[in-house]
There are 2 protein chains.
Amino acid sequence: MTPDAPRRRGRPSLRSAEGTPAARDRILAAAREEFSARGYDKTSIRRIAQAAGVDPALVHHYFGTKDEIFAAAVDLSLALPAKELPALLADGPDGVGERVARLFLGFWEDPRTRGPVLAVVRSALTHEAARDIMRSFVTRNLLERIAAQVPVPAPTLRAELAASQLIGVAMLRYVLELEPLASADPETIVATVAPTLQRYLTDPEAVPATGA
Amino acid sequence: MTPDAPRRRGRPSLRSAEGTPAARDRILAAAREEFSARGYDKTSIRRIAQAAGVDPALVHHYFGTKDEIFAAAVDLSLALPAKELPALLADGPDGVGERVARLFLGFWEDPRTRGPVLAVVRSALTHEAARDIMRSFVTRNLLERIAAQVPVPAPTLRAELAASQLIGVAMLRYVLELEPLASADPETIVATVAPTLQRYLTDPEAVPATGA
């Protein structure tokens, strides 16, 4: 679901004051809470409606199916990197690894952005429907945008390799909480992984031609 | 649970032919299937016993609690890298990144070893009890053994950074199945990530002193 899809706007209300953009935001916040606390499997439209204090019909009205509200949660959770990343890359190859590493670490360091994205990552790792939704979003809004800025062969594979390093750090540091990685200074991690990202994204020799 | 813990041996039977090492292996195989198919949360001693065709008392007899049978599944699933990795590292720093990358890719490429480890990784990412069990195993049997062979400052942090790259590739290639990474030739991936691992594990400059 893209930010300008009609469903994202507050449509005229059903028949009560519930049908306002504020209610829509409350539903989406409740959905992220529910997906985060219970996982994709155990979250239902009914539970989301209860948590938001609205009628289930209003959840259907704004978001349609459970998959669609999950897609909206993914969209919202990854909106920040999806928005900022292309500009970081457009600034040219010098230091791009460090800029990307710092953006992602900052995103994961902030509990307000970490919680929701952890919820969608966990759901995507454990449920096929959630995985397909997240894969589609990540491909369209992150990987393809990164690849468009990478002026070396196999740009999408390079973007995925960079993403693999970042998601791996996130898993070990924020989910498994392995020490000393979990307590390391964020700048230490930025300094350590930046050359890896720089190599994947810009070094013509980094990815064999067969990987194109 | 270490490979030589008493519980791993077939103890004398309870009172029937069920109580044999073959029954124990069947229970453990059933446990991995159940954890894989249902996740940590929904797997119970009773379901494992049903799937193995034995009495729940026999499951308790061999493995104790659900956490203990999960620990045995982690142990079994990660036995191969836990066994082979230290020797790879002991062969010295030259080419260690490539050897480690090839061992892990081979492990993930083989569906017989991939399925069980995916099951424990998924459980660890979604349930705290499973996470604590896996973290303890990984720290004791992988990270500390790697770190013992790394002759540069901050060896454990370096081992974790190498692990983060490998787990990230596994997540994007085998779980999220992002293309083109999911279909890339394994040797392409080995060639691409080997310098990353080599740098983390052997380059004195790779990790800032503050990360020690």
# chains A, B, ... in the order shown; residues from 1 in each chain; ligands from 1

$ interface_residues --of "chain B" --to "chain A" --cutoff "8 Å" --atoms "only C-alpha atoms" --output "compact mmCIF listing (two decimals) with all heavy atoms, in the first residue's frame"
# COMPACT_ATOMS: atom_id res chain seq x y z
N ARG B 122 13.69 -19.25 14.18
CA ARG B 122 12.35 -18.63 14.23
C ARG B 122 11.81 -18.60 15.66
O ARG B 122 11.25 -17.60 16.10
CB ARG B 122 11.38 -19.42 13.36
CG ARG B 122 11.50 -19.12 11.90
CD ARG B 122 10.31 -19.76 11.16
NE ARG B 122 10.24 -19.26 9.82
CZ ARG B 122 10.27 -20.04 8.72
NH1 ARG B 122 10.36 -21.34 8.83
NH2 ARG B 122 10.19 -19.49 7.53
N ALA B 124 13.54 -18.64 18.38
CA ALA B 124 14.36 -17.73 19.19
C ALA B 124 14.00 -16.27 18.93
O ALA B 124 14.13 -15.42 19.80
CB ALA B 124 15.84 -17.97 18.93
N LEU B 125 13.55 -15.97 17.70
CA LEU B 125 13.22 -14.59 17.36
C LEU B 125 11.85 -14.19 17.88
O LEU B 125 11.51 -13.02 17.90
CB LEU B 125 13.28 -14.38 15.84
CG LEU B 125 14.67 -14.50 15.21
CD1 LEU B 125 14.57 -14.35 13.70
CD2 LEU B 125 15.62 -13.45 15.77
N THR B 126 11.05 -15.16 18.28
CA THR B 126 9.67 -14.85 18.65
C THR B 126 9.31 -15.20 20.08
O THR B 126 8.27 -14.78 20.56
CB THR B 126 8.69 -15.56 17.69
OG1 THR B 126 9.10 -16.92 17.53
CG2 THR B 126 8.69 -14.89 16.32
N ARG B 131 14.68 -17.86 22.98
CA ARG B 131 15.80 -16.97 22.73
C ARG B 131 16.92 -17.20 23.75
O ARG B 131 18.09 -17.28 23.40
CB ARG B 131 15.33 -15.51 22.82
CG ARG B 131 16.45 -14.52 22.57
CD ARG B 131 16.07 -13.13 23.02
NE ARG B 131 15.93 -13.08 24.47
CZ ARG B 131 15.63 -11.98 25.15
NH1 ARG B 131 15.40 -10.86 24.51
NH2 ARG B 131 15.53 -12.00 26.46
N ASP B 132 16.54 -17.30 25.02
CA ASP B 132 17.54 -17.47 26.06
C ASP B 132 18.30 -18.78 25.89
O ASP B 132 19.51 -18.84 26.09
CB ASP B 132 16.88 -17.43 27.44
CG ASP B 132 16.32 -16.04 27.75
OD1 ASP B 132 16.67 -15.09 27.02
OD2 ASP B 132 15.54 -15.91 28.70
N ARG B 135 20.56 -18.35 22.76
CA ARG B 135 21.67 -17.43 23.05
C ARG B 135 22.74 -18.12 23.87
O ARG B 135 23.94 -17.99 23.61
CB ARG B 135 21.13 -16.21 23.81
CG ARG B 135 22.21 -15.23 24.18
CD ARG B 135 21.61 -13.93 24.64
NE ARG B 135 20.68 -14.13 25.74
CZ ARG B 135 19.81 -13.22 26.16
NH1 ARG B 135 19.73 -12.06 25.56
NH2 ARG B 135 19.02 -13.48 27.18
N THR B 139 26.44 -18.71 22.37
CA THR B 139 27.55 -18.06 23.07
C THR B 139 28.60 -19.09 23.48
O THR B 139 29.79 -18.93 23.22
CB THR B 139 27.03 -17.31 24.31
OG1 THR B 139 26.10 -16.32 23.88
CG2 THR B 139 28.16 -16.66 25.07
N THR B 156 35.26 -11.49 20.83
CA THR B 156 33.85 -11.90 20.86
C THR B 156 32.99 -10.97 20.01
O THR B 156 32.11 -11.43 19.27
CB THR B 156 33.32 -11.95 22.31
OG1 THR B 156 34.22 -12.75 23.10
CG2 THR B 156 31.94 -12.60 22.36
N LEU B 157 33.26 -9.67 20.12
CA LEU B 157 32.53 -8.72 19.27
C LEU B 157 32.77 -9.04 17.80
O LEU B 157 31.86 -9.01 16.97
CB LEU B 157 32.95 -7.28 19.60
CG LEU B 157 32.24 -6.18 18.81
CD1 LEU B 157 30.73 -6.23 19.04
CD2 LEU B 157 32.77 -4.80 19.21
N GLU B 160 30.75 -11.99 16.76
CA GLU B 160 29.34 -11.62 16.61
C GLU B 160 29.08 -10.85 15.33
O GLU B 160 28.03 -11.01 14.70
CB GLU B 160 28.89 -10.80 17.83
CG GLU B 160 28.75 -11.68 19.07
CD GLU B 160 28.53 -10.91 20.34
OE1 GLU B 160 28.57 -9.66 20.31
OE2 GLU B 160 28.35 -11.55 21.38
N LEU B 161 30.03 -9.99 14.95
CA LEU B 161 29.86 -9.26 13.69
C LEU B 161 29.89 -10.22 12.50
O LEU B 161 29.07 -10.11 11.58
CB LEU B 161 30.95 -8.20 13.55
CG LEU B 161 30.78 -6.99 14.49
CD1 LEU B 161 32.09 -6.23 14.64
CD2 LEU B 161 29.66 -6.07 13.99
N ALA B 163 29.03 -13.38 12.65
CA ALA B 163 27.77 -14.11 12.75
C ALA B 163 26.61 -13.27 12.22
O ALA B 163 25.69 -13.78 11.58
CB ALA B 163 27.51 -14.52 14.20
N SER B 164 26.67 -11.94 12.48
CA SER B 164 25.57 -11.07 12.04
C SER B 164 25.48 -11.06 10.51
O SER B 164 24.39 -11.08 9.94
CB SER B 164 25.73 -9.66 12.59
OG SER B 164 26.72 -8.92 11.88
N GLN B 165 26.65 -11.05 9.83
CA GLN B 165 26.62 -11.07 8.36
C GLN B 165 26.02 -12.39 7.86
O GLN B 165 25.23 -12.42 6.92
CB GLN B 165 28.02 -10.86 7.80
CG GLN B 165 28.10 -11.01 6.29
CD GLN B 165 27.22 -10.01 5.55
OE1 GLN B 165 27.65 -8.93 5.21
NE2 GLN B 165 25.95 -10.36 5.32
N LEU B 166 26.39 -13.49 8.50
CA LEU B 166 25.92 -14.79 8.04
C LEU B 166 24.43 -14.99 8.34
O LEU B 166 23.68 -15.49 7.49
CB LEU B 166 26.75 -15.91 8.69
CG LEU B 166 28.21 -15.96 8.20
CD1 LEU B 166 29.04 -16.84 9.11
CD2 LEU B 166 28.28 -16.42 6.75
N ILE B 167 23.99 -14.58 9.52
CA ILE B 167 22.57 -14.76 9.85
C ILE B 167 21.72 -13.82 8.98
O ILE B 167 20.61 -14.18 8.56
CB ILE B 167 22.29 -14.54 11.36
CG1 ILE B 167 20.92 -15.12 11.75
CG2 ILE B 167 22.32 -13.10 11.77
CD1 ILE B 167 20.95 -16.52 12.23
N GLY B 168 22.26 -12.63 8.66
CA GLY B 168 21.53 -11.71 7.79
C GLY B 168 21.34 -12.29 6.40
O GLY B 168 20.25 -12.21 5.83
N VAL B 169 22.39 -12.88 5.84
CA VAL B 169 22.27 -13.53 4.53
C VAL B 169 21.24 -14.66 4.60
O VAL B 169 20.38 -14.81 3.73
CB VAL B 169 23.63 -14.07 4.04
CG1 VAL B 169 23.45 -15.05 2.90
CG2 VAL B 169 24.52 -12.92 3.59
N MET B 171 18.69 -14.97 6.60
CA MET B 171 17.34 -14.42 6.72
C MET B 171 16.81 -13.95 5.36
O MET B 171 15.68 -14.25 4.98
CB MET B 171 17.31 -13.23 7.70
CG MET B 171 17.58 -13.57 9.15
SD MET B 171 16.30 -14.62 9.91
CE MET B 171 17.16 -16.19 9.92
N LEU B 172 17.64 -13.20 4.62
CA LEU B 172 17.16 -12.64 3.35
C LEU B 172 17.08 -13.70 2.25
O LEU B 172 16.19 -13.65 1.41
CB LEU B 172 18.07 -11.48 2.90
CG LEU B 172 17.58 -10.10 3.33
CD1 LEU B 172 17.42 -10.00 4.83
CD2 LEU B 172 18.50 -9.02 2.81
N VAL B 175 14.75 -17.20 4.27
CA VAL B 175 13.48 -16.95 4.96
C VAL B 175 12.63 -15.96 4.15
O VAL B 175 11.56 -16.29 3.68
CB VAL B 175 13.69 -16.44 6.40
CG1 VAL B 175 12.36 -16.25 7.10
CG2 VAL B 175 14.56 -17.43 7.18
N LEU B 176 13.15 -14.74 3.96
CA LEU B 176 12.37 -13.77 3.17
C LEU B 176 12.43 -14.10 1.67
O LEU B 176 11.57 -13.68 0.91
CB LEU B 176 12.87 -12.35 3.43
CG LEU B 176 12.63 -11.79 4.83
CD1 LEU B 176 13.15 -10.37 4.94
CD2 LEU B 176 11.14 -11.82 5.18
N LEU B 178 14.39 -13.06 -0.78
CA LEU B 178 14.47 -11.89 -1.65
C LEU B 178 15.31 -12.23 -2.89
O LEU B 178 16.41 -12.78 -2.77
CB LEU B 178 15.13 -10.73 -0.90
CG LEU B 178 14.27 -10.02 0.14
CD1 LEU B 178 15.13 -9.04 0.93
CD2 LEU B 178 13.12 -9.27 -0.53
N GLU B 179 14.79 -11.87 -4.06
CA GLU B 179 15.57 -12.05 -5.29
C GLU B 179 16.29 -10.76 -5.65
O GLU B 179 15.79 -9.69 -5.38
CB GLU B 179 14.62 -12.45 -6.43
CG GLU B 179 14.00 -13.83 -6.26
CD GLU B 179 15.02 -14.97 -6.33
OE1 GLU B 179 16.20 -14.72 -6.58
OE2 GLU B 179 14.60 -16.11 -6.10
N PRO B 180 17.50 -10.89 -6.25
CA PRO B 180 18.17 -12.10 -6.76
C PRO B 180 18.98 -12.88 -5.72
O PRO B 180 19.53 -13.92 -6.07
CB PRO B 180 19.11 -11.52 -7.82
CG PRO B 180 19.45 -10.16 -7.31
CD PRO B 180 18.23 -9.66 -6.60
N LEU B 181 19.03 -12.43 -4.46
CA LEU B 181 19.88 -13.11 -3.48
C LEU B 181 19.46 -14.58 -3.30
O LEU B 181 20.32 -15.46 -3.17
CB LEU B 181 19.82 -12.37 -2.14
CG LEU B 181 20.77 -12.88 -1.04
CD1 LEU B 181 22.23 -12.69 -1.43
CD2 LEU B 181 20.50 -12.16 0.28
N ALA B 184 20.90 -16.64 -6.14
CA ALA B 184 22.31 -16.46 -6.49
C ALA B 184 23.09 -17.75 -6.23
O ALA B 184 22.76 -18.51 -5.32
CB ALA B 184 22.91 -15.30 -5.69
N ASP B 185 24.11 -17.99 -7.05
CA ASP B 185 24.98 -19.14 -6.86
C ASP B 185 25.65 -19.05 -5.47
O ASP B 185 26.14 -17.98 -5.09
CB ASP B 185 26.05 -19.11 -7.97
CG ASP B 185 27.01 -20.28 -7.84
OD1 ASP B 185 26.54 -21.42 -7.73
OD2 ASP B 185 28.23 -20.04 -7.85
N THR B 188 28.95 -17.41 -5.40
CA THR B 188 28.92 -15.95 -5.52
C THR B 188 28.80 -15.32 -4.13
O THR B 188 29.49 -14.33 -3.82
CB THR B 188 27.72 -15.51 -6.39
OG1 THR B 188 27.91 -16.01 -7.70
CG2 THR B 188 27.59 -14.00 -6.44
N ALA B 191 32.05 -15.76 -2.18
CA ALA B 191 33.08 -14.83 -2.64
C ALA B 191 32.80 -13.41 -2.17
O ALA B 191 33.72 -12.63 -1.92
CB ALA B 191 33.16 -14.87 -4.18
N THR B 192 31.51 -13.08 -2.03
CA THR B 192 31.14 -11.71 -1.69
C THR B 192 31.26 -11.43 -0.19
O THR B 192 31.73 -10.36 0.20
CB THR B 192 29.69 -11.43 -2.17
OG1 THR B 192 29.60 -11.77 -3.55
CG2 THR B 192 29.33 -9.98 -1.97
N THR B 196 34.29 -9.75 4.01
CA THR B 196 33.68 -9.13 5.19
C THR B 196 34.06 -9.91 6.46
O THR B 196 34.50 -9.33 7.46
CB THR B 196 32.14 -9.12 5.04
OG1 THR B 196 31.80 -8.38 3.87
CG2 THR B 196 31.46 -8.51 6.26
N ALA B 206 39.77 -3.27 12.10
CA ALA B 206 38.34 -3.37 11.76
C ALA B 206 37.42 -2.94 12.89
O ALA B 206 36.35 -2.38 12.66
CB ALA B 206 38.00 -4.79 11.33
N VAL B 207 37.83 -3.22 14.12
CA VAL B 207 36.98 -2.92 15.28
C VAL B 207 37.69 -1.88 16.15
O VAL B 207 38.80 -2.13 16.60
CB VAL B 207 36.67 -4.19 16.08
CG1 VAL B 207 35.90 -3.88 17.35
CG2 VAL B 207 35.91 -5.18 15.21
N PRO B 208 37.03 -0.72 16.38
CA PRO B 208 37.66 0.32 17.20
C PRO B 208 37.98 -0.21 18.60
O PRO B 208 37.28 -1.09 19.11
CB PRO B 208 36.59 1.41 17.28
CG PRO B 208 35.69 1.16 16.11
CD PRO B 208 35.72 -0.32 15.89
N THR B 210 37.45 1.01 21.38
CA THR B 210 36.35 1.20 22.34
C THR B 210 35.37 0.05 22.30
O THR B 210 34.57 -0.12 23.20
CB THR B 210 35.57 2.49 22.04
OG1 THR B 210 35.16 2.45 20.66
CG2 THR B 210 36.41 3.71 22.28
N GLY B 211 35.41 -0.75 21.24
CA GLY B 211 34.48 -1.87 21.14
C GLY B 211 35.00 -3.11 21.84
O GLY B 211 34.35 -4.14 21.81

$ select_by_dssp --residues "segment 41-107 of chain B" --states "alpha helix (DSSP H)" --output "MDAnalysis selection string"
chainID B and resid 41:42 45:52 56:63 66:77 79:90 96:107

$ write_last_selection --atoms "N, CA and C atoms" --output "compact mmCIF listing (two decimals), in the first residue's frame"
# COMPACT_ATOMS: atom_id res chain seq x y z
N ASP B 41 5.78 -21.74 20.83
CA ASP B 41 4.59 -21.49 21.64
C ASP B 41 3.60 -22.65 21.62
N LYS B 42 3.30 -23.12 20.43
CA LYS B 42 2.20 -24.08 20.28
C LYS B 42 2.68 -25.53 20.42
N ILE B 45 4.72 -30.98 25.10
CA ILE B 45 5.23 -32.34 25.34
C ILE B 45 4.22 -33.36 24.81
N ARG B 46 2.94 -33.09 25.04
CA ARG B 46 1.90 -34.02 24.61
C ARG B 46 1.90 -34.20 23.09
N ARG B 47 2.01 -33.07 22.36
CA ARG B 47 2.01 -33.15 20.89
C ARG B 47 3.26 -33.88 20.39
N ILE B 48 4.39 -33.60 21.01
CA ILE B 48 5.64 -34.27 20.61
C ILE B 48 5.49 -35.78 20.81
N ALA B 49 4.93 -36.16 21.97
CA ALA B 49 4.74 -37.58 22.26
C ALA B 49 3.82 -38.23 21.23
N GLN B 50 2.73 -37.55 20.91
CA GLN B 50 1.80 -38.04 19.88
C GLN B 50 2.51 -38.26 18.56
N ALA B 51 3.27 -37.24 18.13
CA ALA B 51 3.95 -37.33 16.84
C ALA B 51 4.99 -38.45 16.82
N ALA B 52 5.61 -38.71 17.97
CA ALA B 52 6.63 -39.76 18.05
C ALA B 52 6.02 -41.13 18.32
N PRO B 56 3.64 -39.55 26.74
CA PRO B 56 4.26 -38.30 27.20
C PRO B 56 5.26 -38.51 28.34
N ALA B 57 5.03 -39.52 29.17
CA ALA B 57 5.95 -39.78 30.28
C ALA B 57 7.35 -40.10 29.78
N LEU B 58 7.43 -40.72 28.60
CA LEU B 58 8.74 -41.07 28.05
C LEU B 58 9.48 -39.81 27.58
N VAL B 59 8.72 -38.85 27.06
CA VAL B 59 9.34 -37.58 26.66
C VAL B 59 9.92 -36.89 27.90
N HIS B 60 9.12 -36.86 28.96
CA HIS B 60 9.62 -36.27 30.21
C HIS B 60 10.85 -37.04 30.72
N HIS B 61 10.79 -38.35 30.60
CA HIS B 61 11.88 -39.21 31.07
C HIS B 61 13.21 -38.85 30.39
N TYR B 62 13.17 -38.73 29.06
CA TYR B 62 14.41 -38.45 28.33
C TYR B 62 14.82 -36.98 28.40
N PHE B 63 13.83 -36.07 28.34
CA PHE B 63 14.19 -34.66 28.13
C PHE B 63 13.77 -33.72 29.24
N LYS B 66 9.76 -28.90 28.47
CA LYS B 66 9.71 -28.41 27.09
C LYS B 66 10.95 -27.58 26.76
N ASP B 67 11.40 -26.74 27.70
CA ASP B 67 12.62 -25.97 27.47
C ASP B 67 13.81 -26.88 27.25
N GLU B 68 13.86 -27.98 27.99
CA GLU B 68 15.01 -28.88 27.88
C GLU B 68 14.99 -29.63 26.54
N ILE B 69 13.81 -29.98 26.06
CA ILE B 69 13.77 -30.65 24.75
C ILE B 69 14.07 -29.63 23.64
N PHE B 70 13.67 -28.37 23.86
CA PHE B 70 14.05 -27.35 22.88
C PHE B 70 15.57 -27.16 22.85
N ALA B 71 16.18 -27.15 24.03
CA ALA B 71 17.64 -27.04 24.11
C ALA B 71 18.31 -28.20 23.37
N ALA B 72 17.75 -29.40 23.49
CA ALA B 72 18.31 -30.57 22.80
C ALA B 72 18.17 -30.40 21.28
N ALA B 73 17.05 -29.79 20.85
CA ALA B 73 16.83 -29.54 19.42
C ALA B 73 17.83 -28.50 18.89
N VAL B 74 18.07 -27.45 19.68
CA VAL B 74 19.07 -26.44 19.30
C VAL B 74 20.44 -27.10 19.18
N ASP B 75 20.76 -27.87 20.19
CA ASP B 75 22.04 -28.58 20.25
C ASP B 75 22.25 -29.42 19.00
N LEU B 76 21.26 -30.24 18.68
CA LEU B 76 21.34 -31.11 17.52
C LEU B 76 21.42 -30.30 16.22
N SER B 77 20.60 -29.23 16.14
CA SER B 77 20.52 -28.44 14.91
C SER B 77 21.82 -27.70 14.62
N ALA B 79 24.82 -28.69 15.86
CA ALA B 79 25.96 -29.55 16.19
C ALA B 79 27.04 -29.47 15.13
N LEU B 80 26.64 -29.43 13.86
CA LEU B 80 27.63 -29.44 12.78
C LEU B 80 28.56 -28.23 12.82
N PRO B 81 28.02 -26.99 12.77
CA PRO B 81 28.95 -25.86 12.85
C PRO B 81 29.71 -25.82 14.17
N ALA B 82 29.05 -26.19 15.26
CA ALA B 82 29.73 -26.17 16.56
C ALA B 82 30.93 -27.10 16.55
N LYS B 83 30.83 -28.18 15.79
CA LYS B 83 31.90 -29.18 15.74
C LYS B 83 33.01 -28.77 14.76
N GLU B 84 32.61 -28.24 13.61
CA GLU B 84 33.59 -27.99 12.55
C GLU B 84 34.28 -26.64 12.62
N LEU B 85 33.57 -25.67 13.22
CA LEU B 85 34.07 -24.31 13.18
C LEU B 85 35.44 -24.12 13.84
N PRO B 86 35.64 -24.65 15.04
CA PRO B 86 36.93 -24.40 15.69
C PRO B 86 38.12 -24.88 14.85
N ALA B 87 37.97 -26.02 14.17
CA ALA B 87 39.07 -26.52 13.34
C ALA B 87 39.35 -25.58 12.17
N LEU B 88 38.27 -25.04 11.58
CA LEU B 88 38.43 -24.08 10.48
C LEU B 88 39.25 -22.88 10.92
N LEU B 89 38.97 -22.44 12.13
CA LEU B 89 39.64 -21.25 12.65
C LEU B 89 41.08 -21.56 13.03
N ALA B 90 41.29 -22.78 13.54
CA ALA B 90 42.64 -23.16 13.97
C ALA B 90 43.60 -23.27 12.80
N VAL B 96 40.46 -17.51 6.30
CA VAL B 96 39.47 -17.97 7.29
C VAL B 96 38.07 -17.48 6.95
N GLY B 97 37.97 -16.25 6.41
CA GLY B 97 36.66 -15.71 6.02
C GLY B 97 35.97 -16.60 5.01
N GLU B 98 36.73 -17.05 4.02
CA GLU B 98 36.16 -17.89 2.97
C GLU B 98 35.76 -19.26 3.52
N ARG B 99 36.60 -19.84 4.40
CA ARG B 99 36.28 -21.16 4.96
C ARG B 99 35.01 -21.10 5.80
N VAL B 100 34.90 -20.06 6.62
CA VAL B 100 33.71 -19.92 7.47
C VAL B 100 32.47 -19.68 6.60
N ALA B 101 32.59 -18.81 5.60
CA ALA B 101 31.45 -18.54 4.72
C ALA B 101 31.00 -19.82 4.01
N ARG B 102 31.95 -20.62 3.54
CA ARG B 102 31.59 -21.85 2.81
C ARG B 102 30.95 -22.88 3.73
N LEU B 103 31.45 -23.00 4.96
CA LEU B 103 30.83 -23.93 5.92
C LEU B 103 29.38 -23.54 6.17
N PHE B 104 29.14 -22.26 6.43
CA PHE B 104 27.78 -21.84 6.76
C PHE B 104 26.84 -21.92 5.56
N LEU B 105 27.31 -21.52 4.39
CA LEU B 105 26.45 -21.62 3.21
C LEU B 105 26.09 -23.08 2.94
N GLY B 106 27.08 -23.97 3.05
CA GLY B 106 26.82 -25.39 2.82
C GLY B 106 25.77 -25.92 3.79
N PHE B 107 25.89 -25.49 5.02
CA PHE B 107 24.96 -25.87 6.07
C PHE B 107 23.54 -25.41 5.75

$ atom_distance --atom1 "atom CA of Glu33 of chain A" --atom2 "atom CA of Ser44 of chain B"
26.8 Å

$ atom_distance --atom1 "atom CA of Asn141 of chain A" --atom2 "atom CA of Leu78 of chain A"
8.9 Å

$ closest_residue --among "A:Pro204, A:Gly115, A:Ile146, A:Ala22" --to "Val54 of chain A" --atoms "only C-alpha atoms"
A:Ala22

$ closest_residue --among "B:Ala30, B:Val152, B:Ala37, B:Ala129" --to "Asp203 of chain B" --atoms "only C-alpha atoms"
B:Val152

$ decode --residues "segment 11-67 of chain A" --atoms "C-alpha atoms" --output "mmCIF file, in the first residue's frame"
data_model
loop_
_atom_site.group_PDB
_atom_site.id
_atom_site.type_symbol
_atom_site.label_atom_id
_atom_site.label_comp_id
_atom_site.auth_asym_id
_atom_site.auth_seq_id
_atom_site.Cartn_x
_atom_site.Cartn_y
_atom_site.Cartn_z
ATOM 1 C CA ARG A 11 -12.847 8.670 3.943
ATOM 2 C CA PRO A 12 -16.218 10.169 4.856
ATOM 3 C CA SER A 13 -17.407 8.580 8.075
ATOM 4 C CA LEU A 14 -19.641 5.524 8.107
ATOM 5 C CA ARG A 15 -22.352 7.077 10.206
ATOM 6 C CA SER A 16 -20.726 8.347 13.404
ATOM 7 C CA ALA A 17 -17.972 10.527 14.773
ATOM 8 C CA GLU A 18 -15.788 7.377 14.875
ATOM 9 C CA GLY A 19 -15.096 7.754 11.165
ATOM 10 C CA THR A 20 -12.411 10.392 11.431
ATOM 11 C CA PRO A 21 -8.708 10.382 10.601
ATOM 12 C CA ALA A 22 -8.078 10.306 14.364
ATOM 13 C CA ALA A 23 -9.976 7.017 14.606
ATOM 14 C CA ARG A 24 -8.003 5.671 11.659
ATOM 15 C CA ASP A 25 -4.705 6.556 13.360
ATOM 16 C CA ARG A 26 -5.923 4.966 16.597
ATOM 17 C CA ILE A 27 -6.795 1.763 14.716
ATOM 18 C CA LEU A 28 -3.404 1.646 13.039
ATOM 19 C CA ALA A 29 -1.595 2.243 16.348
ATOM 20 C CA ALA A 30 -3.670 -0.518 17.953
ATOM 21 C CA ALA A 31 -2.901 -2.834 15.026
ATOM 22 C CA ARG A 32 0.844 -2.332 15.457
ATOM 23 C CA GLU A 33 0.509 -2.984 19.194
ATOM 24 C CA GLU A 34 -1.448 -6.175 18.561
ATOM 25 C CA PHE A 35 0.877 -7.480 15.824
ATOM 26 C CA SER A 36 3.823 -6.676 18.098
ATOM 27 C CA ALA A 37 2.414 -8.291 21.247
ATOM 28 C CA ARG A 38 0.625 -11.301 19.746
ATOM 29 C CA GLY A 39 2.209 -11.846 16.364
ATOM 30 C CA TYR A 40 0.535 -11.994 13.007
ATOM 31 C CA ASP A 41 -1.221 -15.282 13.670
ATOM 32 C CA LYS A 42 -3.111 -14.351 16.815
ATOM 33 C CA THR A 43 -4.023 -10.821 15.771
ATOM 34 C CA SER A 44 -7.574 -10.401 14.481
ATOM 35 C CA ILE A 45 -9.639 -7.480 13.176
ATOM 36 C CA ARG A 46 -11.871 -7.988 16.205
ATOM 37 C CA ARG A 47 -8.973 -7.655 18.681
ATOM 38 C CA ILE A 48 -7.629 -4.587 16.879
ATOM 39 C CA ALA A 49 -11.063 -2.986 17.024
ATOM 40 C CA GLN A 50 -11.376 -3.767 20.744
ATOM 41 C CA ALA A 51 -7.933 -2.295 21.461
ATOM 42 C CA ALA A 52 -8.767 0.861 19.479
ATOM 43 C CA GLY A 53 -12.205 1.151 21.091
ATOM 44 C CA VAL A 54 -14.068 1.099 17.781
ATOM 45 C CA ASP A 55 -16.472 -1.195 15.963
ATOM 46 C CA PRO A 56 -14.825 -3.937 13.848
ATOM 47 C CA ALA A 57 -16.784 -2.564 10.860
ATOM 48 C CA LEU A 58 -14.735 0.615 11.073
ATOM 49 C CA VAL A 59 -11.475 -1.365 10.883
ATOM 50 C CA HIS A 60 -12.791 -3.087 7.760
ATOM 51 C CA HIS A 61 -13.923 0.267 6.412
ATOM 52 C CA TYR A 62 -10.468 1.840 6.682
ATOM 53 C CA PHE A 63 -8.208 -1.122 6.051
ATOM 54 C CA GLY A 64 -10.147 -3.970 4.476
ATOM 55 C CA THR A 65 -8.604 -7.310 5.421
ATOM 56 C CA LYS A 66 -6.107 -8.299 8.124
ATOM 57 C CA ASP A 67 -3.427 -8.543 5.410
#
